[in-house]
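Shown next: work36.cif, containing mmCIF, C-alpha atoms and all ligand atoms.
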```
data_structure
#
loop_
_atom_site.group_PDB
_atom_site.id
_atom_site.type_symbol
_atom_site.label_atom_id
_atom_site.label_comp_id
_atom_site.auth_asym_id
_atom_site.auth_seq_id
_atom_site.Cartn_x
_atom_site.Cartn_y
_atom_site.Cartn_z
ATOM 1 C CA MET A 1 -45.883 191.798 151.499
ATOM 2 C CA GLN A 2 -46.598 195.383 152.497
ATOM 3 C CA LEU A 3 -45.300 197.924 150.053
ATOM 4 C CA LYS A 4 -46.374 201.411 151.023
ATOM 5 C CA LEU A 5 -45.970 203.498 147.904
ATOM 6 C CA GLU A 6 -46.435 206.726 149.822
ATOM 7 C CA ASN A 7 -43.307 205.929 151.896
ATOM 8 C CA HIS A 8 -40.993 206.751 148.974
ATOM 9 C CA PRO A 9 -39.076 209.853 150.051
ATOM 10 C CA CYS A 10 -38.260 210.903 146.486
ATOM 11 C CA PHE A 11 -41.779 210.659 145.129
ATOM 12 C CA ASN A 12 -43.608 211.943 148.183
ATOM 13 C CA ASP A 13 -42.460 215.223 149.661
ATOM 14 C CA SER A 14 -44.142 214.557 152.992
ATOM 15 C CA ALA A 15 -42.230 211.262 153.425
ATOM 16 C CA ARG A 16 -38.773 212.660 152.854
ATOM 17 C CA HIS A 17 -37.942 213.599 156.451
ATOM 18 C CA LYS A 18 -39.259 210.308 157.784
ATOM 19 C CA PHE A 19 -38.002 207.669 155.377
ATOM 20 C CA GLY A 20 -34.602 207.123 153.831
ATOM 21 C CA ARG A 21 -33.355 205.468 150.661
ATOM 22 C CA ILE A 22 -30.255 203.513 149.813
ATOM 23 C CA HIS A 23 -28.585 203.295 146.440
ATOM 24 C CA LEU A 24 -26.623 200.148 145.678
ATOM 25 C CA PRO A 25 -23.710 200.963 143.316
ATOM 26 C CA VAL A 26 -23.740 197.820 141.173
ATOM 27 C CA ALA A 27 -23.918 199.339 137.655
ATOM 28 C CA PRO A 28 -20.603 200.825 136.443
ATOM 29 C CA LYS A 29 -20.973 200.804 132.623
ATOM 30 C CA CYS A 30 -23.042 203.097 130.435
ATOM 31 C CA ASN A 31 -24.546 202.553 126.993
ATOM 32 C CA ILE A 32 -24.753 206.207 125.937
ATOM 33 C CA GLN A 33 -22.531 209.274 126.161
ATOM 34 C CA CYS A 34 -24.207 212.444 127.374
ATOM 35 C CA ASN A 35 -22.216 215.545 126.480
ATOM 36 C CA TYR A 36 -22.463 216.778 130.070
ATOM 37 C CA CYS A 37 -21.050 213.605 131.595
ATOM 38 C CA ASN A 38 -17.496 212.871 132.505
ATOM 39 C CA ARG A 39 -17.201 209.169 133.263
ATOM 40 C CA LYS A 40 -14.682 209.886 135.989
ATOM 41 C CA PHE A 41 -17.742 210.864 137.967
ATOM 42 C CA ASP A 42 -21.147 209.377 138.732
ATOM 43 C CA CYS A 43 -24.115 209.321 136.346
ATOM 44 C CA MET A 44 -26.001 212.604 136.290
ATOM 45 C CA ASN A 45 -29.316 210.850 135.753
ATOM 46 C CA GLU A 46 -29.713 210.721 139.498
ATOM 47 C CA ASN A 47 -26.351 211.555 140.903
ATOM 48 C CA ARG A 48 -24.297 214.593 141.555
ATOM 49 C CA PRO A 49 -20.975 214.253 139.753
ATOM 50 C CA GLY A 50 -18.349 214.099 142.477
ATOM 51 C CA VAL A 51 -16.481 211.477 144.355
ATOM 52 C CA SER A 52 -17.033 208.183 142.607
ATOM 53 C CA SER A 53 -18.631 205.424 144.585
ATOM 54 C CA ARG A 54 -17.270 202.061 145.492
ATOM 55 C CA LEU A 55 -18.667 199.363 143.240
ATOM 56 C CA LEU A 56 -20.386 196.304 144.647
ATOM 57 C CA SER A 57 -21.266 192.918 143.179
ATOM 58 C CA PRO A 58 -24.901 191.830 143.731
ATOM 59 C CA GLY A 59 -23.830 189.590 146.641
ATOM 60 C CA GLN A 60 -21.777 192.382 148.218
ATOM 61 C CA ALA A 61 -24.694 194.761 147.739
ATOM 62 C CA LEU A 62 -27.021 192.466 149.663
ATOM 63 C CA HIS A 63 -24.492 192.116 152.473
ATOM 64 C CA TYR A 64 -24.088 195.913 152.597
ATOM 65 C CA LEU A 65 -27.846 196.410 152.648
ATOM 66 C CA LYS A 66 -28.214 194.078 155.613
ATOM 67 C CA GLN A 67 -25.634 196.139 157.526
ATOM 68 C CA ALA A 68 -27.129 199.441 156.387
ATOM 69 C CA VAL A 69 -30.647 198.734 157.637
ATOM 70 C CA LEU A 70 -29.229 198.037 161.095
ATOM 71 C CA LEU A 71 -27.615 201.489 161.132
ATOM 72 C CA SER A 72 -30.485 203.253 159.399
ATOM 73 C CA PRO A 73 -33.773 201.467 160.139
ATOM 74 C CA ASN A 74 -35.853 204.166 158.428
ATOM 75 C CA ILE A 75 -34.759 202.985 154.952
ATOM 76 C CA SER A 76 -37.917 202.342 152.920
ATOM 77 C CA VAL A 77 -36.459 202.303 149.397
ATOM 78 C CA VAL A 78 -33.640 200.400 147.738
ATOM 79 C CA GLY A 79 -32.604 202.032 144.461
ATOM 80 C CA ILE A 80 -30.135 201.290 141.691
ATOM 81 C CA ALA A 81 -28.939 204.446 139.982
ATOM 82 C CA GLY A 82 -25.467 203.868 138.636
ATOM 83 C CA PRO A 83 -22.792 204.992 138.713
ATOM 84 C CA GLY A 84 -23.421 204.155 135.013
ATOM 85 C CA ASP A 85 -26.765 202.883 133.706
ATOM 86 C CA PRO A 86 -28.596 200.008 135.441
ATOM 87 C CA PHE A 87 -29.575 198.341 132.147
ATOM 88 C CA ALA A 88 -26.119 198.653 130.607
ATOM 89 C CA ASN A 89 -25.345 196.302 133.519
ATOM 90 C CA SER A 90 -28.583 194.401 133.351
ATOM 91 C CA GLU A 91 -27.282 191.128 134.811
ATOM 92 C CA GLU A 92 -25.918 192.800 137.926
ATOM 93 C CA THR A 93 -28.964 195.049 138.274
ATOM 94 C CA MET A 94 -31.561 192.302 137.912
ATOM 95 C CA GLU A 95 -29.655 189.899 140.149
ATOM 96 C CA THR A 96 -29.398 192.586 142.846
ATOM 97 C CA LEU A 97 -33.115 193.325 142.629
ATOM 98 C CA ARG A 98 -33.932 189.604 142.904
ATOM 99 C CA LEU A 99 -31.706 189.164 145.957
ATOM 100 C CA VAL A 100 -33.095 192.238 147.669
ATOM 101 C CA ARG A 101 -36.711 191.329 146.945
ATOM 102 C CA LYS A 102 -36.166 187.854 148.424
ATOM 103 C CA GLU A 103 -34.568 189.099 151.655
ATOM 104 C CA PHE A 104 -36.565 192.304 152.066
ATOM 105 C CA PRO A 105 -40.103 191.666 150.798
ATOM 106 C CA GLU A 106 -41.377 194.877 152.363
ATOM 107 C CA MET A 107 -38.880 197.258 150.699
ATOM 108 C CA LEU A 108 -39.828 199.588 147.868
ATOM 109 C CA LEU A 109 -37.561 198.983 144.885
ATOM 110 C CA CYS A 110 -36.585 201.782 142.538
ATOM 111 C CA VAL A 111 -34.379 202.151 139.454
ATOM 112 C CA ALA A 112 -33.113 205.242 137.604
ATOM 113 C CA THR A 113 -32.037 204.840 133.973
ATOM 114 C CA ASN A 114 -31.473 206.584 130.660
ATOM 115 C CA GLY A 115 -34.157 204.236 129.295
ATOM 116 C CA LEU A 116 -32.251 202.939 126.274
ATOM 117 C CA ASN A 117 -32.351 199.289 127.322
ATOM 118 C CA LEU A 118 -35.194 199.358 129.843
ATOM 119 C CA MET A 119 -38.004 197.815 127.770
ATOM 120 C CA PRO A 120 -36.934 194.113 127.842
ATOM 121 C CA PHE A 121 -36.780 194.163 131.649
ATOM 122 C CA ILE A 122 -40.183 195.682 132.397
ATOM 123 C CA PRO A 123 -42.004 192.321 132.772
ATOM 124 C CA GLU A 124 -39.503 191.122 135.387
ATOM 125 C CA LEU A 125 -39.448 194.513 137.112
ATOM 126 C CA LYS A 126 -43.197 194.158 137.481
ATOM 127 C CA GLU A 127 -42.866 190.602 138.741
ATOM 128 C CA LEU A 128 -40.320 191.741 141.333
ATOM 129 C CA GLU A 129 -42.679 194.528 142.340
ATOM 130 C CA VAL A 130 -40.246 197.281 141.451
ATOM 131 C CA SER A 131 -42.633 200.130 142.120
ATOM 132 C CA HIS A 132 -40.739 203.237 140.944
ATOM 133 C CA VAL A 133 -38.678 203.847 137.814
ATOM 134 C CA THR A 134 -37.044 207.102 136.730
ATOM 135 C CA ILE A 135 -36.113 207.770 133.096
ATOM 136 C CA THR A 136 -33.989 210.778 132.192
ATOM 137 C CA ILE A 137 -35.492 212.294 129.047
ATOM 138 C CA ASN A 138 -33.750 215.499 127.989
ATOM 139 C CA ALA A 139 -35.359 215.883 124.559
ATOM 140 C CA ILE A 140 -38.131 214.464 122.425
ATOM 141 C CA ASP A 141 -36.863 216.167 119.263
ATOM 142 C CA PRO A 142 -33.968 214.131 117.797
ATOM 143 C CA ALA A 143 -32.328 217.312 116.430
ATOM 144 C CA ILE A 144 -32.013 218.603 120.016
ATOM 145 C CA GLY A 145 -31.136 215.143 121.313
ATOM 146 C CA ALA A 146 -28.279 214.976 118.789
ATOM 147 C CA GLU A 147 -26.728 218.010 120.511
ATOM 148 C CA ILE A 148 -26.943 216.298 123.893
ATOM 149 C CA TYR A 149 -25.804 212.741 123.148
ATOM 150 C CA ALA A 150 -22.455 211.983 121.494
ATOM 151 C CA TRP A 151 -23.262 208.332 120.886
ATOM 152 C CA VAL A 152 -25.585 205.501 121.792
ATOM 153 C CA ARG A 153 -24.547 201.846 121.873
ATOM 154 C CA HIS A 154 -27.387 199.365 121.521
ATOM 155 C CA GLU A 155 -27.365 195.651 120.715
ATOM 156 C CA LYS A 156 -23.630 195.804 119.948
ATOM 157 C CA ARG A 157 -23.981 198.657 117.420
ATOM 158 C CA MET A 158 -22.743 202.227 117.767
ATOM 159 C CA HIS A 159 -25.038 205.053 116.693
ATOM 160 C CA ARG A 160 -24.208 208.740 116.363
ATOM 161 C CA ASP A 161 -25.885 212.047 115.540
ATOM 162 C CA ILE A 162 -29.612 212.159 114.763
ATOM 163 C CA GLU A 163 -29.824 208.398 114.361
ATOM 164 C CA ALA A 164 -28.527 207.898 117.913
ATOM 165 C CA ALA A 165 -30.959 210.438 119.338
ATOM 166 C CA GLU A 166 -33.886 208.916 117.424
ATOM 167 C CA LEU A 167 -33.093 205.473 118.777
ATOM 168 C CA LEU A 168 -32.677 206.677 122.358
ATOM 169 C CA ILE A 169 -35.782 208.876 122.382
ATOM 170 C CA GLY A 170 -37.892 206.178 120.697
ATOM 171 C CA ASN A 171 -36.809 203.605 123.298
ATOM 172 C CA GLN A 172 -37.351 206.030 126.192
ATOM 173 C CA LEU A 173 -40.895 206.924 125.150
ATOM 174 C CA ALA A 174 -41.835 203.311 124.393
ATOM 175 C CA ALA A 175 -40.472 202.207 127.783
ATOM 176 C CA LEU A 176 -42.385 204.978 129.553
ATOM 177 C CA SER A 177 -45.671 203.789 128.011
ATOM 178 C CA ALA A 178 -44.836 200.173 128.893
ATOM 179 C CA LEU A 179 -44.021 201.100 132.506
ATOM 180 C CA LYS A 180 -47.417 202.716 132.854
ATOM 181 C CA ALA A 181 -49.135 199.732 131.234
ATOM 182 C CA ALA A 182 -47.366 197.589 133.872
ATOM 183 C CA GLY A 183 -48.673 199.818 136.668
ATOM 184 C CA ILE A 184 -45.215 201.100 137.692
ATOM 185 C CA THR A 185 -44.870 204.658 138.996
ATOM 186 C CA ALA A 186 -42.740 206.613 136.511
ATOM 187 C CA LYS A 187 -40.712 209.732 137.172
ATOM 188 C CA VAL A 188 -39.091 211.645 134.321
ATOM 189 C CA ASN A 189 -35.928 213.619 134.965
ATOM 190 C CA THR A 190 -35.108 216.380 132.509
ATOM 191 C CA ILE A 191 -31.798 218.170 132.781
ATOM 192 C CA ILE A 192 -32.096 221.851 131.857
ATOM 193 C CA ILE A 193 -29.128 222.759 129.646
ATOM 194 C CA PRO A 194 -29.133 226.491 128.807
ATOM 195 C CA GLY A 195 -29.050 227.218 125.083
ATOM 196 C CA VAL A 196 -29.542 223.528 124.253
ATOM 197 C CA ASN A 197 -32.895 222.310 125.591
ATOM 198 C CA ASP A 198 -34.168 225.023 127.955
ATOM 199 C CA ARG A 199 -36.858 226.078 125.440
ATOM 200 C CA HIS A 200 -37.740 222.469 124.756
ATOM 201 C CA VAL A 201 -38.468 221.209 128.286
ATOM 202 C CA LEU A 202 -42.112 222.241 128.026
ATOM 203 C CA ALA A 203 -42.539 220.008 124.954
ATOM 204 C CA VAL A 204 -40.867 217.145 126.838
ATOM 205 C CA ALA A 205 -43.276 217.654 129.761
ATOM 206 C CA GLU A 206 -46.309 217.676 127.472
ATOM 207 C CA LYS A 207 -45.250 214.487 125.695
ATOM 208 C CA VAL A 208 -44.326 212.487 128.799
ATOM 209 C CA SER A 209 -47.522 213.591 130.520
ATOM 210 C CA GLU A 210 -49.485 212.295 127.510
ATOM 211 C CA LEU A 211 -47.721 208.941 127.936
ATOM 212 C CA GLY A 212 -48.717 208.758 131.600
ATOM 213 C CA ALA A 213 -45.597 209.896 133.520
ATOM 214 C CA ASP A 214 -46.474 210.533 137.159
ATOM 215 C CA ILE A 215 -44.006 213.248 138.126
ATOM 216 C CA LEU A 216 -41.365 215.455 136.520
ATOM 217 C CA ASN A 217 -38.036 216.451 137.987
ATOM 218 C CA CYS A 218 -36.491 219.400 136.118
ATOM 219 C CA LEU A 219 -32.863 219.434 137.202
ATOM 220 C CA PRO A 220 -30.385 222.189 136.499
ATOM 221 C CA TYR A 221 -27.479 221.011 134.361
ATOM 222 C CA TYR A 222 -24.362 220.660 136.490
ATOM 223 C CA ASN A 223 -21.174 221.982 134.927
ATOM 224 C CA THR A 224 -18.522 219.273 134.833
ATOM 225 C CA LYS A 225 -14.984 219.790 133.558
ATOM 226 C CA GLU A 226 -13.562 217.848 130.618
ATOM 227 C CA THR A 227 -16.907 217.474 128.856
ATOM 228 C CA VAL A 228 -18.247 218.786 125.532
ATOM 229 C CA PHE A 229 -20.490 221.108 127.553
ATOM 230 C CA GLU A 230 -17.823 222.349 129.943
ATOM 231 C CA ASN A 231 -18.213 225.940 128.698
ATOM 232 C CA ILE A 232 -21.979 226.020 129.189
ATOM 233 C CA GLU A 233 -23.008 227.923 132.317
ATOM 234 C CA GLU A 234 -25.340 226.307 134.798
ATOM 235 C CA PRO A 235 -28.921 227.643 134.478
ATOM 236 C CA PRO A 236 -29.807 230.527 136.797
ATOM 237 C CA ALA A 237 -32.309 229.762 139.586
ATOM 238 C CA ASP A 238 -35.023 231.871 137.930
ATOM 239 C CA MET A 239 -34.750 229.869 134.691
ATOM 240 C CA VAL A 240 -35.212 226.632 136.642
ATOM 241 C CA ALA A 241 -38.138 228.077 138.623
ATOM 242 C CA ASP A 242 -39.825 229.404 135.445
ATOM 243 C CA ILE A 243 -39.490 226.029 133.730
ATOM 244 C CA GLN A 244 -40.823 224.184 136.775
ATOM 245 C CA LYS A 245 -43.771 226.557 136.889
ATOM 246 C CA ALA A 246 -44.536 226.227 133.181
ATOM 247 C CA THR A 247 -44.207 222.432 133.134
ATOM 248 C CA SER A 248 -46.416 222.073 136.212
ATOM 249 C CA ALA A 249 -49.307 222.723 133.800
ATOM 250 C CA PHE A 250 -48.674 219.159 132.635
ATOM 251 C CA LEU A 251 -47.238 217.258 135.594
ATOM 252 C CA PRO A 252 -46.608 217.447 139.336
ATOM 253 C CA GLN A 253 -43.045 218.485 140.063
ATOM 254 C CA MET A 254 -40.354 216.986 142.226
ATOM 255 C CA LYS A 255 -38.423 219.914 143.641
ATOM 256 C CA HIS A 256 -36.521 218.385 146.533
ATOM 257 C CA CYS A 257 -34.033 216.371 144.496
ATOM 258 C CA ALA A 258 -30.670 216.438 146.216
ATOM 259 C CA ARG A 259 -28.767 214.906 143.281
ATOM 260 C CA CYS A 260 -27.910 211.856 145.324
ATOM 261 C CA ARG A 261 -24.810 209.838 144.602
ATOM 262 C CA ALA A 262 -24.970 206.260 143.339
ATOM 263 C CA ASP A 263 -24.131 205.160 146.889
ATOM 264 C CA ALA A 264 -26.383 207.613 148.746
ATOM 265 C CA VAL A 265 -27.983 206.293 151.904
ATOM 266 C CA GLY A 266 -30.312 207.715 154.544
ATOM 267 C CA ILE A 267 -32.549 210.773 154.539
ATOM 268 C CA ILE A 268 -32.416 212.759 151.253
ATOM 269 C CA GLY A 269 -30.084 215.740 151.514
ATOM 270 C CA GLU A 270 -28.108 214.404 154.477
ATOM 271 C CA MET A 271 -24.519 213.275 154.002
ATOM 272 C CA ASN A 272 -23.747 209.582 154.250
ATOM 273 C CA SER A 273 -22.588 208.868 157.816
ATOM 274 C CA GLU A 274 -19.016 207.753 158.442
ATOM 275 C CA ALA A 275 -20.259 204.463 159.868
ATOM 276 C CA MET A 276 -22.235 203.823 156.674
ATOM 277 C CA THR A 277 -19.256 204.696 154.463
ATOM 278 C CA GLU A 278 -17.165 202.262 156.489
ATOM 279 C CA LYS A 279 -19.786 199.530 155.887
ATOM 280 C CA LEU A 280 -19.724 200.244 152.140
ATOM 281 C CA HIS A 281 -15.955 199.968 152.026
ATOM 282 C CA GLU A 282 -16.050 196.776 154.071
ATOM 283 C CA ALA A 283 -18.604 195.251 151.699
ATOM 284 C CA ALA A 284 -16.506 196.159 148.641
ATOM 285 C CA ARG A 285 -13.387 194.419 149.966
HETATM 286 FE FE1 LIG A 301 -23.169 209.643 132.094
HETATM 287 FE FE2 LIG A 301 -25.477 208.803 133.057
HETATM 288 FE FE3 LIG A 301 -25.397 209.966 130.654
HETATM 289 FE FE4 LIG A 301 -24.416 207.521 131.031
HETATM 290 S S1 LIG A 301 -26.578 208.146 131.192
HETATM 291 S S2 LIG A 301 -23.429 209.189 129.921
HETATM 292 S S3 LIG A 301 -23.477 207.676 133.069
HETATM 293 S S4 LIG A 301 -24.947 210.956 132.631
HETATM 294 FE FE1 LIG A 302 -35.056 206.123 143.375
HETATM 295 FE FE2 LIG A 302 -33.728 208.230 142.558
HETATM 296 FE FE3 LIG A 302 -34.850 208.269 144.900
HETATM 297 FE FE4 LIG A 302 -32.733 206.763 144.489
HETATM 298 S S1 LIG A 302 -32.849 209.036 144.482
HETATM 299 S S2 LIG A 302 -34.480 206.145 145.555
HETATM 300 S S3 LIG A 302 -33.121 206.081 142.391
HETATM 301 S S4 LIG A 302 -35.879 208.173 142.908
#
```
Please, can you express the file's structure as structure tokens?
Amino acid sequence: MQLKLENHPCFNDSARHKFGRIHLPVAPKCNIQCNYCNRKFDCMNENRPGVSSRLLSPGQALHYLKQAVLLSPNISVVGIAGPGDPFANSEETMETLRLVRKEFPEMLLCVATNGLNLMPFIPELKELEVSHVTITINAIDPAIGAEIYAWVRHEKRMHRDIEAAELLIGNQLAALSALKAAGITAKVNTIIIPGVNDRHVLAVAEKVSELGADILNCLPYYNTKETVFENIEEPPADMVADIQKATSAFLPQMKHCARCRADAVGIIGEMNSEAMTEKLHEAAR
């Protein structure tokens, strides 16, 4: 098996024009409610809210992947990033990863999650040689987290307010440490929400760097209608640049994130081709 870690277009800036990635939309449900998320759209952990993706079963996803690599042979990474949370749909996510690993031993595998339910799956992720995991961590202070998350559902129980934020943050930080202990490359996404966590991102960067995160992706919050945060303006470019500069004291930065959809495929930043969209729709039938 030849996994070339440097061929990941999201984690390595110099690989992004050469290698593509494909997201398999197998994870519709979510186990938390972010106040910036409208479930009519895709998860903002990795994806631009917008046109929702088709959903695929693990078997359909494998079929689609086989078609996609024929159309786009430069694909080096298979990712699962929603449209909800991969580990709120852990059966579908893990089954998809197993199928893909079996058929495509050379592919890099990647998952993007809110981290709430990641921990129990780290041993199998390691076994399957999932090499890259992204956790979206918007706060390490539960008081700030309580402003961002309306609720958290874990092990069949609903949590709200500070208690919900404490549980989520605790699980995120524990999972980050465990990922690093398992030798998995870990990216942290932090969404900059003006007036909520913009002054807190530096503390997030310091903490996740301490725990071994490899790279930080500070993303501007994206204003979405019909959410608790719908009246919050998106952060100005200079706020984002200042935060990226300040946090680079702790961690390398990913700056070329294109906010890919849960069904993104090909070179980062390029639109999905019509032929690829047709294949996705065919697979979902
Ligand atoms: Fe939405 Fe993603 Fe947050 Fe879930 S984790 S509420 S899908 S942005
Ligand atoms: Fe992985 Fe995110 Fe890149 Fe998709 S966009 S391949 S989930 S880092």
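For the structure in this document, the set picked by the PyMOL selection byres (((chain A and resi 144) around 9) and not hetatm) is Asn138, Ala139, Ile140, Asp141, Pro142, Ala143, Gly145, Ala146, Glu147, Ile148, Ile162, Ala165, Val196, Asn197 and His200 of chain A.
The two atoms in question, atom CA of Arg101 of chain A and atom CA of Ala182 of chain A, are spaced 18.0 Å apart.
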Counting all atoms listed in the file, find the residues whose atoms lie at most 8 Å from (-28.7, 223.9, 128.0) (file coordinates) and write them out as a PDB file with C-alpha atoms, in the coordinates of the input.
```pdb
ATOM      1  CA  ILE A 192     -32.096 221.851 131.857  1.00  0.00           C
ATOM      2  CA  ILE A 193     -29.128 222.759 129.646  1.00  0.00           C
ATOM      3  CA  PRO A 194     -29.133 226.491 128.807  1.00  0.00           C
ATOM      4  CA  GLY A 195     -29.050 227.218 125.083  1.00  0.00           C
ATOM      5  CA  VAL A 196     -29.542 223.528 124.253  1.00  0.00           C
ATOM      6  CA  ASN A 197     -32.895 222.310 125.591  1.00  0.00           C
ATOM      7  CA  ASP A 198     -34.168 225.023 127.955  1.00  0.00           C
ATOM      8  CA  TYR A 221     -27.479 221.011 134.361  1.00  0.00           C
ATOM      9  CA  ILE A 232     -21.979 226.020 129.189  1.00  0.00           C
ATOM     10  CA  GLU A 234     -25.340 226.307 134.798  1.00  0.00           C
ATOM     11  CA  PRO A 235     -28.921 227.643 134.478  1.00  0.00           C
TER      12      PRO A 235
END
```
task: Measure the distance from atom CA of Thr247 of chain A to atom CA of Val111 of chain A in Å and round it to one decimal.
output: 23.4 Å
- prompt: Using only C-alpha atoms and all ligand atoms, which residue out of A:Glu274, A:Asp85, A:Asp13, A:Glu163 lies closest to ligand LIG 301 (chain A)?
  reply: A:Asp85
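Closest approach to Ile268 of chain A from the set A:Ser90, A:Ser248, A:Thr96, A:Asn74 is made by A:Asn74, with distances taken over all atoms listed in the file.
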field: Shell of 10 Å around ligand LIG 302 (chain A) (all atoms listed in the file), written as a ChimeraX atom specification
entry: /A:8-11,16,20-24,45-47,75-82,108-113,131-135,186-189,217,254,257-265,268
Once 4 Å is added on each side, what are the centre and the three edge lengths, in Å to one decimal, of the axis-aligned box enclosing the listed atoms of segment 77-93 of chain A? Present them as AutoDock Vina command-line options.
```
--center_x -29.6 --center_y 198.1 --center_z 140.0 --size_x 21.7 --size_y 21.9 --size_z 26.8
```
- prompt: How many Å separate atom CA of Lys180 of chain A from atom CA of Leu211 of chain A?
  reply: 7.9 Å
Can you check which parts of segment 178-246 of chain A lie within 12 Å of segment 166-171 of chain A? Per residue, the shortest pair of atoms and distance in Å to one decimal, counting all atoms listed in the file, sorted by chain and number, as a tab-separated table.
```
residue	atom	partner	partner_atom	distance
A:Ala178	CA	A:Asn171	CA	10.4
A:Leu179	CA	A:Asn171	CA	12.0
A:Val204	CA	A:Ile169	CA	10.7
A:Lys207	CA	A:Ile169	CA	11.5
A:Val208	CA	A:Ile169	CA	11.3
```
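Closest to Ala150 of chain A among A:Ala275, A:Asn35, A:His281, A:Leu62 is A:Asn35, based on only C-alpha atoms.
Those residues that approach segment 54-60 of chain A to within 10 Å, counting only C-alpha atoms, are A:Leu24, A:Pro25, A:Val26, A:Ala27, A:Pro28, A:Tyr64, A:Leu65, A:Lys66, A:Gly82, A:Pro83, A:Glu91, A:Glu92, A:Thr93, A:Met94, A:Glu95, A:Thr96, A:Leu97, A:Arg98, A:Leu99, A:Val100, A:Ala262, A:Asp263, A:Thr277, A:Leu280, A:His281, A:Glu282, A:Ala283, A:Ala284, A:Arg285; same-chain residues fewer than 4 positions away are not listed.
Among the candidates A:Pro73, A:Gly115, A:Pro252, A:Gly212, the one nearest to ligand LIG 301 (chain A) when counting all atoms listed in the file is A:Gly115.
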- prompt: Could you list as a PyMOL selection string every residue that has an atom within 12 Å of (-25.8, 196.2, 127.8), using the file's coordinates and counting only C-alpha atoms?
  reply: chain A and resi 27-32+84-93+115-118+120-121+152-157
I need the chosen residues saved as a short mmCIF file (atom, residue, chain, number, x, y, z; two decimals), keeping the file's coordinate frame, with C-alpha atoms.
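Once everything was written out, this is selection_11.cif:
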```cif
data_model
loop_
_atom_site.label_atom_id
_atom_site.label_comp_id
_atom_site.auth_asym_id
_atom_site.auth_seq_id
_atom_site.Cartn_x
_atom_site.Cartn_y
_atom_site.Cartn_z
CA ALA A 27 -23.92 199.34 137.66
CA PRO A 28 -20.60 200.82 136.44
CA LYS A 29 -20.97 200.80 132.62
CA CYS A 30 -23.04 203.10 130.44
CA ASN A 31 -24.55 202.55 126.99
CA ILE A 32 -24.75 206.21 125.94
CA GLY A 84 -23.42 204.16 135.01
CA ASP A 85 -26.76 202.88 133.71
CA PRO A 86 -28.60 200.01 135.44
CA PHE A 87 -29.58 198.34 132.15
CA ALA A 88 -26.12 198.65 130.61
CA ASN A 89 -25.34 196.30 133.52
CA SER A 90 -28.58 194.40 133.35
CA GLU A 91 -27.28 191.13 134.81
CA GLU A 92 -25.92 192.80 137.93
CA THR A 93 -28.96 195.05 138.27
CA GLY A 115 -34.16 204.24 129.29
CA LEU A 116 -32.25 202.94 126.27
CA ASN A 117 -32.35 199.29 127.32
CA LEU A 118 -35.19 199.36 129.84
CA PRO A 120 -36.93 194.11 127.84
CA PHE A 121 -36.78 194.16 131.65
CA VAL A 152 -25.58 205.50 121.79
CA ARG A 153 -24.55 201.85 121.87
CA HIS A 154 -27.39 199.36 121.52
CA GLU A 155 -27.36 195.65 120.72
CA LYS A 156 -23.63 195.80 119.95
CA ARG A 157 -23.98 198.66 117.42
#
```
